[in-house]
Amino acid sequence: MDFVFDRSHAALSGGADRRNSLMQISAASVPAEDPKRRVLKDVFGFDDFRPGQAPVMETLLAGRHVLAVMPTGAGKSLCYQVPALVLGGLTIVVSPLVALMQDQVAALRLAGVAADTINSSLDREANVAAWRRVASGQTRLLYLAPERLMTERMLEALARLDISLIAIDEAHCISQWGPAFRREYEELSRLSGIFPDAPIIALTATADEATRNDIAARLFAGRVESLVLGFDRPNIKLGIEAKQNSKRQLLDFVQRHPGRSGIIYCLSRKKTEEMAAFLERNGVTALAYHAGMSKDAREANQNAFMTLSGVVMVATIAFGMGIDKPDVAYVFHTDMPGSLEAYYQEIGRAGRDGREAEAHMLFGLGDIRMRRLFIDDEDAAAEHKRRAHRRLDTLIGYCETAQCRRQVLLGYFGEEASPCGNCDNCLDQVPRADGTAEARIILAAVAQSGERFGAAHVIDILLGHETEKVLARGHERLASFGSGVAHKKDFWLSLIRQLVAGGFLEPDPSGHGGLAIAEKGHALGGGEIPFQYRIETRHRAARGKLRSAGGTATGSEGLDASLLATLKALRLRLAKERQVPAYVIFSDRTLIDMAERRPRDLDAFAEVNGVGAAKLREFGEIFLSAIAAHQ
């Protein structure tokens with residue numbers, strides 16, 4: 001095992017003195033027989049694994065494929081970075097965003113790891129130099145976009161090297177049923193055949209069962225071990241309100257969180273700029289972030305958000321991937337996202353420190369129309385569009401439901417939960433009505449038509465519409481034909497969405513769009529359980545207090561805020577000198593731990609969470625001086 005550990009440290013830049021310091025730092029605290037734990041401490045500065053990380057690493061080190069579905073903030077990158085260093089050789093990392101690749105490479109290099117990226121944003125000279133390091137065996141992790149990796153020239157060149165591991169980030173992009181399908185990812189299905197001896201890990205934060213099955217089939221031909229961590233983030237309060245005056249509603253919400261950092265998502269670049277300017281005029285420190293801004297402007301605003309307290313980032317979905325800021329107090333959607341997967345991923349950027357946080361969304365009919373247009377205008381196959389519409393229907397059902405929102409959200413990802421007491425529907429009971437009789441009418445129509453058709457056809461049956469499809473299948477002769485004429489189409493559509501959201505109806509698992517009756521629906525149809533539905537969606541002031549969700553707070557309430565501000569300012573200066581994002585130097589978690597410990601020497605500084613050997617050498621004296629100078 002010592003030999004394997006030595007191979008991992010060939011990945012570190014800095015020579016024998018660096019390796020000796022690594023051995024000295026961790027020799028007393030990390031068992032020699034566990035190379036992955038020694039790499040975790042020596043290189044990345046962490047004392048222990050987060051939930052799920054260790055079994056994923058062990059599977060890869062045993063040479064087996066892994067599909068890891070882990071919530072935002074669970075530490076997915078370490079799941080392949082640590083095995084990459086233990087195994088030696090070259091690890092290929094597939095990532096969809098150039099900016100994210102460059103940030104990860106910068107972070108690894110600061111940790112003393114030989115990492116490179118070859119991408120279109122670099123000039124030819126830089127890419128050639130990177131490839132020479134790869135070909136000579138210096139590089140341990142090579143980050144590539146899928147379209148560059150899957151060129152015949154690149155594949156032939158890599159086939160001549162010692163490929164130890166392949167990591168595919170944002171793996172839901174490979175699934176045509178996922179929320180962010182990218183055709184460039186389809187080619188990755190060839191990798192297991194091209195590199196048969198290299199274990200592959202596919203990672204994502206958002207994948208429902210259909211997407212997971214599709215990834216497993218496409219990428220691994222079904223031969224993969226899956227690890228799905230729990231999706232629950234109990235410290236985040238979930239809330240939705242009808243969109244009335246979005247600027248006023250946003251300002252009221254932000255003003256309930258004075259001095260706290262938050263992320264506000266807008267659908268368009270123009271709205272992002274307008275909302276940021278509006279908040280600034282009303283005394284809120286707000287910055288904009290969208291893909292239409294210059295790279296320098298985006299980086300400046302991102303660094304300010306990561307470094308300063310109380311900054312609000314108003315952004316499109318271009319912001320957030322790879323950002324690890326633990327003290328984000330809220331995520332606010334001024335417009336409805338495209339799917340429950342996207343919603344889950346975006347709200348997951350709040351409350352990573354375990355403290356109480358909020359996820360709030362404004363929901364209006366205009367959002368639905370706009371999202372429908374986006375789907376219809378997309379250059380995609382008809383079946384993909386149908387799936388996208390059904391995902392949107394599921395999100396609308398989540399918005400309309402009168403049930404506990406956390407139950408509905410977790411149920412979508414296949415988890416069961418009790419009412420959470422930490423969403424608007426639990427804390428501030430919405431007006432409801434008994435819809436048991438109406439729900440049974442829907443269930444009867446679904447059953448009589450063979451559990452094969454979608455909501456639109458079921459509603460045509462209920463309303464007695466003699467459409468071509470209804471007549472072709474003889475459904476005008478069903479007992480349920482015309483049984484719903486007492487209500488309008490919108491009523492039935494809302495009820496069907498709420499039945500799906502509540503787990504009474506479920507989409508056809510084969511993916512053809514039909515609705516099937518779930519076990520819970522059979523109980524409802526048999527008179528065993530009732531059904532209540534939301535009768536209105538209106539603006540309601542939050543009356544319930546946020547419950548404490550049992551999350552572990554960082555303890556930062558009692559630390560020296562001025563010292564933390566000093567450390568953040570120092571981090572920003574160092575980041576600007578090195579032309580990297582501030583969080584690449586040290587995360588907020590590390591600075592908070594540093595401010596709490598107030599280390600006085602390098603030995604104590606080495607114990608700070610997130611300080612590995614390379615960063616100890618690079619930044620130890622600088623930060624120790626700042627701490628010592630702070631009175």
# chains A, B, ... in the order shown; residues from 1 in each chain; ligands from 1
>>> select_by_dssp(residues="segment 8-226 of chain A", states="strand (DSSP E or B)", output="ChimeraX atom specification")
/A:12,66-69,90-94,113,115-117,141-144,163-168,200-204,225-226
>>> closest_residue(among="A:Val56, A:Cys266, A:Met275, A:Ala388", to="Ala68 of chain A", atoms="only C-alpha atoms")
A:Val56
>>> atom_distance(atom1="atom CA of Val254 of chain A", atom2="atom CA of Ala575 of chain A")
29.1 Å
>>> closest_atom_pairs(of="segment 14-130 of chain A", to="segment 596-611 of chain A", cutoff="7 Å", atoms="only C-alpha atoms", output="CSV")
residue,atom,partner,partner_atom,distance
A:Phe44,CA,A:Gly610,CA,5.9
A:Gly45,CA,A:Gly610,CA,4.3
A:Phe46,CA,A:Gly610,CA,5.4
